[in-house]
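Visitor: Just dropping this structure here.
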Amino acid sequence: MVVQTLYEGMRSVTLSNGLRILVEEVPQSRSVSVSVWVNAGSRDDPAPFPGLAHFVEHLIFKGSTTRTGLAISQEIDAVGGFLDAATGKESTFVYADVPADGLATATELLLDVVLHPAFATDKLELERAVVLEEIRGYDDDPEQRAFDQFVRGVWPDDHPLSRNILGTRRSIETVTRDDIAAFHAQVYRPANLVIAAAGALDADRLVADVERLTGADGREATATPSRVPPRFRPAREHHVQPTGQTHVYLALPGPLSDDPHRYPLEIANAVLGDGTSSRLFCAIREDRGLAYAVHSTISRYSDAGLWMAYAGVAPETANAVADLLLAELNRLRSEPIPVDEIALAKARIRGSFILGLESNANRAMRLGTAAINGREILSPEQILAKLAAIDVESVHDAVERFVEPENVHLATIGPKA
């Protein structure tokens, strides 16, 4: 066992079986959030079965080798807690929020469903039908379909990052129990997991419980399928989709998950399109009334990043809005952002971060995300200090690095132009 104190009240423990535990004690709280992170997401799906990671996430709640699905629900209800999960592009996490006295139950339930799912044939078939309905609902959503079309253009060649997390009807209809069990055995093992917990807890007791529940499982992590970085494709194109609205997307390559420029670039993104005082919101919605939804965001992965702006507009104004997106992006590069705009963006991000610390779930999410992405885990004070140190020059340097006019992908998806 390897134990490290990363900052006051926060400990990292790596068990002999390779499982890492991150614990942040929040004494003033009366609840706990505990999560199990799996180092595999939708981009790691086997090629014939896109959507498999998400399907497995559904199936683990349908019963373990010792509990039925109903028993799992009843046990978490009995301690007044909440149990759920989510699948991302590069990870899957299962979590529980419980009153402090329910932590032991939550920990046992989480590790049972994660490590020992039964994959009973009858439950598998029922959940197959559920996931197929989820896919049908997704396919009926024009904004989701537009986004998928956009991402396939940005990251071509059917790259795994460009596929949606749910997969396809065909892949879910044809995947077998053996396929499911093999994928689970490959990635759902202690050495490929991170446990993150925050709240009113005793770190030593949690570590002891986890070690007791997983210590006998000494299986080494089998390498997940190799990840190949996607190729970013600059373009300006229109895709026909029979909708009442045209979806306008603009994208640039963004920072990787551990890129040191990610902090100043988040400031630039806040100025550009994150919030109701941002330039895109003011220029497109407030000043011209051209869109209801308009924003920008940054997505970071282990070997790729995407800086994206979006607006949903009337078809006849799509080209004008696309030009506005480009103009505001180019203004970021050609004109250093004024001190007052940077100060406003920093205050907004600082406030959002501090408010997030009021939630144990957000604290645990912060720890788990950093660990699964291989980032250094910083204290809240260290992050606030990094934010405070950002100035006009560092933001402009980040913008110059990522905003290259010749390396832009702009797509409109909607009725025939």
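Scheme for the structure tokens: letters A, B, ... for chains in order shown; per-chain residue numbers from 1; ligand numbers from 1 in order shown.
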List every residue of segment 158-191 of chain A that has an atom at most 12 Å from any atom of segment 296-307 of chain A, and for each one report the closest atom pair and its distance in Å to one decimal, counting only C-alpha atoms, with rows sorted by chain and then by increasing residue number, as a tab-separated table.

Guide:
```
residue	atom	partner	partner_atom	distance
A:His159	CA	A:Ala304	CA	11.7
A:Pro160	CA	A:Ala304	CA	11.9
A:Leu161	CA	A:Ala304	CA	9.2
A:Ser162	CA	A:Leu306	CA	11.4
```

Visitor: Using the selection just defined, write its residues with C-alpha atoms as a short mmCIF file (atom, residue, chain, number, x, y, z; two decimals), in the first residue's frame.

Guide:
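Dumped to selection_18.cif:
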```cif
data_model
loop_
_atom_site.label_atom_id
_atom_site.label_comp_id
_atom_site.auth_asym_id
_atom_site.auth_seq_id
_atom_site.Cartn_x
_atom_site.Cartn_y
_atom_site.Cartn_z
CA HIS A 159 -12.42 7.85 -35.38
CA PRO A 160 -13.73 6.42 -32.05
CA LEU A 161 -13.93 9.92 -30.52
CA SER A 162 -16.33 10.96 -33.28
#
```

Visitor: Determine, counting only C-alpha atoms, which protein, DNA and RNA residues have an atom within 12 Å of an atom of Arg67 of chain A; residues of the same chain fewer than 5 positions away are not included. Present the result as a ChimeraX atom specification.

Guide: /A:60-62,72-75,108-110,112-113,116-120

Visitor: In terms of the shortest atom-to-atom distance over only C-alpha atoms, which of A:Lys386, A:His396, A:Arg20, A:Arg11 is closest to Ala191 of chain A?

Guide: A:Arg20

Visitor: Counting only C-alpha atoms, give me one row per residue of segment 62-157 of chain A with an atom at most 12 Å from an atom of segment 32-45 of chain A, showing the shortest contact pair and its distance in Å to one decimal, sorted by chain then residue number, as JSON lines.

Guide:
```
{"residue": "A:Val79", "atom": "CA", "partner": "A:Val32", "partner_atom": "CA", "distance": 11.9}
{"residue": "A:Gly80", "atom": "CA", "partner": "A:Val32", "partner_atom": "CA", "distance": 11.7}
{"residue": "A:Gly81", "atom": "CA", "partner": "A:Val32", "partner_atom": "CA", "distance": 9.6}
{"residue": "A:Phe82", "atom": "CA", "partner": "A:Ser33", "partner_atom": "CA", "distance": 9.5}
{"residue": "A:Leu83", "atom": "CA", "partner": "A:Ser35", "partner_atom": "CA", "distance": 9.5}
{"residue": "A:Asp84", "atom": "CA", "partner": "A:Ser35", "partner_atom": "CA", "distance": 9.5}
{"residue": "A:Ala85", "atom": "CA", "partner": "A:Ser35", "partner_atom": "CA", "distance": 8.9}
{"residue": "A:Ala86", "atom": "CA", "partner": "A:Gly41", "partner_atom": "CA", "distance": 9.7}
{"residue": "A:Thr87", "atom": "CA", "partner": "A:Gly41", "partner_atom": "CA", "distance": 6.2}
{"residue": "A:Gly88", "atom": "CA", "partner": "A:Gly41", "partner_atom": "CA", "distance": 5.4}
{"residue": "A:Lys89", "atom": "CA", "partner": "A:Ser42", "partner_atom": "CA", "distance": 4.8}
{"residue": "A:Glu90", "atom": "CA", "partner": "A:Gly41", "partner_atom": "CA", "distance": 4.0}
{"residue": "A:Ser91", "atom": "CA", "partner": "A:Gly41", "partner_atom": "CA", "distance": 4.1}
{"residue": "A:Thr92", "atom": "CA", "partner": "A:Val38", "partner_atom": "CA", "distance": 5.1}
{"residue": "A:Phe93", "atom": "CA", "partner": "A:Trp37", "partner_atom": "CA", "distance": 4.3}
{"residue": "A:Val94", "atom": "CA", "partner": "A:Val36", "partner_atom": "CA", "distance": 5.2}
{"residue": "A:Tyr95", "atom": "CA", "partner": "A:Ser35", "partner_atom": "CA", "distance": 4.0}
{"residue": "A:Ala96", "atom": "CA", "partner": "A:Val34", "partner_atom": "CA", "distance": 5.5}
{"residue": "A:Asp97", "atom": "CA", "partner": "A:Ser33", "partner_atom": "CA", "distance": 4.4}
{"residue": "A:Val98", "atom": "CA", "partner": "A:Val32", "partner_atom": "CA", "distance": 5.5}
{"residue": "A:Pro99", "atom": "CA", "partner": "A:Val32", "partner_atom": "CA", "distance": 6.1}
{"residue": "A:Ala100", "atom": "CA", "partner": "A:Val32", "partner_atom": "CA", "distance": 5.4}
{"residue": "A:Asp101", "atom": "CA", "partner": "A:Val32", "partner_atom": "CA", "distance": 8.8}
{"residue": "A:Gly102", "atom": "CA", "partner": "A:Val32", "partner_atom": "CA", "distance": 8.3}
{"residue": "A:Leu103", "atom": "CA", "partner": "A:Val32", "partner_atom": "CA", "distance": 6.8}
{"residue": "A:Ala104", "atom": "CA", "partner": "A:Val34", "partner_atom": "CA", "distance": 10.2}
{"residue": "A:Thr105", "atom": "CA", "partner": "A:Val34", "partner_atom": "CA", "distance": 11.0}
{"residue": "A:Ala106", "atom": "CA", "partner": "A:Val34", "partner_atom": "CA", "distance": 7.7}
{"residue": "A:Thr107", "atom": "CA", "partner": "A:Val34", "partner_atom": "CA", "distance": 7.2}
{"residue": "A:Glu108", "atom": "CA", "partner": "A:Val34", "partner_atom": "CA", "distance": 10.9}
{"residue": "A:Leu109", "atom": "CA", "partner": "A:Val36", "partner_atom": "CA", "distance": 10.8}
{"residue": "A:Leu110", "atom": "CA", "partner": "A:Val36", "partner_atom": "CA", "distance": 7.1}
{"residue": "A:Leu111", "atom": "CA", "partner": "A:Val36", "partner_atom": "CA", "distance": 7.7}
{"residue": "A:Asp112", "atom": "CA", "partner": "A:Val36", "partner_atom": "CA", "distance": 11.0}
{"residue": "A:Val113", "atom": "CA", "partner": "A:Val36", "partner_atom": "CA", "distance": 10.4}
{"residue": "A:Val114", "atom": "CA", "partner": "A:Val36", "partner_atom": "CA", "distance": 8.0}
{"residue": "A:Leu115", "atom": "CA", "partner": "A:Val36", "partner_atom": "CA", "distance": 10.4}
```

Visitor: Running DSSP on the backbone, which parts of segment 180-375 of chain A land in strand (DSSP E or B), as an MDAnalysis selection string?

Guide: chainID A and resid 193:199 235:240 246:253 291:300 305:313

Visitor: Counting only C-alpha atoms, what is within 6 Å of segment 356-366 of chain A, bar same-chain residues fewer than 6 positions away, as a list in words?

Guide: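 Final neighbour list, sorted by chain and number: Ser33, Ala196, Ala197, Ala198 and Gly199 of chain A.
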
Visitor: Identify, on the basis of only C-alpha atoms, every residue whose closest approach to segment 272-284 of chain A does not exceed 8 Å; exclude the query and any residue fewer than 3 positions from it along the same chain; express the result as a ChimeraX atom specification.

Guide: /A:268-269,287-291,294-297,309,321,324-325,328-329,332

Visitor: Taking N, CA and C atoms for each residue, export the selection above as a PDB file, in the first residue's frame.

Guide:
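Ended up saving to out_14.pdb:
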```pdb
ATOM      1  N   ALA A 268     -10.120  32.670 -21.976  1.00  0.00           N
ATOM      2  CA  ALA A 268     -10.456  33.118 -23.324  1.00  0.00           C
ATOM      3  C   ALA A 268     -11.807  32.578 -23.766  1.00  0.00           C
ATOM      4  N   ASN A 269     -12.092  31.317 -23.432  1.00  0.00           N
ATOM      5  CA  ASN A 269     -13.375  30.729 -23.800  1.00  0.00           C
ATOM      6  C   ASN A 269     -14.536  31.421 -23.087  1.00  0.00           C
ATOM      7  N   ASP A 287     -27.654  41.599 -29.154  1.00  0.00           N
ATOM      8  CA  ASP A 287     -27.608  42.746 -30.072  1.00  0.00           C
ATOM      9  C   ASP A 287     -28.416  42.529 -31.343  1.00  0.00           C
ATOM     10  N   ARG A 288     -28.522  41.266 -31.801  1.00  0.00           N
ATOM     11  CA  ARG A 288     -29.162  41.021 -33.091  1.00  0.00           C
ATOM     12  C   ARG A 288     -30.362  40.085 -33.021  1.00  0.00           C
ATOM     13  N   GLY A 289     -30.554  39.387 -31.911  1.00  0.00           N
ATOM     14  CA  GLY A 289     -31.697  38.479 -31.776  1.00  0.00           C
ATOM     15  C   GLY A 289     -31.700  37.333 -32.758  1.00  0.00           C
ATOM     16  N   LEU A 290     -30.516  36.819 -33.094  1.00  0.00           N
ATOM     17  CA  LEU A 290     -30.413  35.793 -34.132  1.00  0.00           C
ATOM     18  C   LEU A 290     -30.464  34.364 -33.606  1.00  0.00           C
ATOM     19  N   ALA A 291     -30.345  34.174 -32.296  1.00  0.00           N
ATOM     20  CA  ALA A 291     -30.313  32.816 -31.759  1.00  0.00           C
ATOM     21  C   ALA A 291     -30.846  32.816 -30.338  1.00  0.00           C
ATOM     22  N   VAL A 294     -26.628  29.962 -27.905  1.00  0.00           N
ATOM     23  CA  VAL A 294     -25.323  30.310 -28.471  1.00  0.00           C
ATOM     24  C   VAL A 294     -24.293  30.231 -27.355  1.00  0.00           C
ATOM     25  N   HIS A 295     -23.204  29.507 -27.604  1.00  0.00           N
ATOM     26  CA  HIS A 295     -22.201  29.337 -26.556  1.00  0.00           C
ATOM     27  C   HIS A 295     -20.922  28.771 -27.153  1.00  0.00           C
ATOM     28  N   SER A 296     -19.878  28.731 -26.346  1.00  0.00           N
ATOM     29  CA  SER A 296     -18.642  28.040 -26.717  1.00  0.00           C
ATOM     30  C   SER A 296     -18.191  27.191 -25.543  1.00  0.00           C
ATOM     31  N   THR A 297     -17.420  26.148 -25.856  1.00  0.00           N
ATOM     32  CA  THR A 297     -16.970  25.226 -24.818  1.00  0.00           C
ATOM     33  C   THR A 297     -15.684  24.539 -25.247  1.00  0.00           C
ATOM     34  N   ALA A 309     -17.625  26.410 -30.840  1.00  0.00           N
ATOM     35  CA  ALA A 309     -18.694  27.392 -30.654  1.00  0.00           C
ATOM     36  C   ALA A 309     -19.921  26.896 -31.409  1.00  0.00           C
ATOM     37  N   VAL A 321     -24.561  34.322 -39.277  1.00  0.00           N
ATOM     38  CA  VAL A 321     -24.125  33.922 -37.932  1.00  0.00           C
ATOM     39  C   VAL A 321     -22.769  33.228 -37.999  1.00  0.00           C
ATOM     40  N   LEU A 324     -20.250  35.802 -38.127  1.00  0.00           N
ATOM     41  CA  LEU A 324     -20.080  36.440 -36.817  1.00  0.00           C
ATOM     42  C   LEU A 324     -19.213  35.586 -35.894  1.00  0.00           C
ATOM     43  N   LEU A 325     -19.420  34.267 -35.917  1.00  0.00           N
ATOM     44  CA  LEU A 325     -18.586  33.377 -35.119  1.00  0.00           C
ATOM     45  C   LEU A 325     -17.120  33.522 -35.510  1.00  0.00           C
ATOM     46  N   GLU A 328     -15.678  36.981 -34.385  1.00  0.00           N
ATOM     47  CA  GLU A 328     -15.363  37.080 -32.950  1.00  0.00           C
ATOM     48  C   GLU A 328     -14.151  36.225 -32.594  1.00  0.00           C
ATOM     49  N   LEU A 329     -14.015  35.091 -33.254  1.00  0.00           N
ATOM     50  CA  LEU A 329     -12.847  34.259 -33.003  1.00  0.00           C
ATOM     51  C   LEU A 329     -11.574  34.969 -33.455  1.00  0.00           C
ATOM     52  N   LEU A 332     -10.392  37.683 -31.118  1.00  0.00           N
ATOM     53  CA  LEU A 332      -9.635  37.217 -29.964  1.00  0.00           C
ATOM     54  C   LEU A 332      -8.140  37.197 -30.256  1.00  0.00           C
TER      55      LEU A 332
END
```

Visitor: I'd like to know which residues of segment 130-180 of chain A are helix (DSSP H, G or I) (by DSSP, run on the backbone); could you write them as a VMD selection string?

Guide: chain A and resid 130 to 139 142 to 154 160 to 162 169 to 174 177 to 180

Visitor: Quick one: pull the distance between atom CA of Val154 of chain A and atom CA of Phe232 of chain A, Å, one decimal.

Guide: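 These atoms are spaced 5.6 Å apart.
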
Visitor: Find the spatial neighbours of Ala411 of chain A, counting only C-alpha atoms, within a cut-off of 8 Å - ignore same-chain residues fewer than 5 positions away - and output them as a list in words.

Guide: Phe150, Ala235, Arg236, Glu237, His238, His239, Val248, Tyr249 and Leu250 of chain A
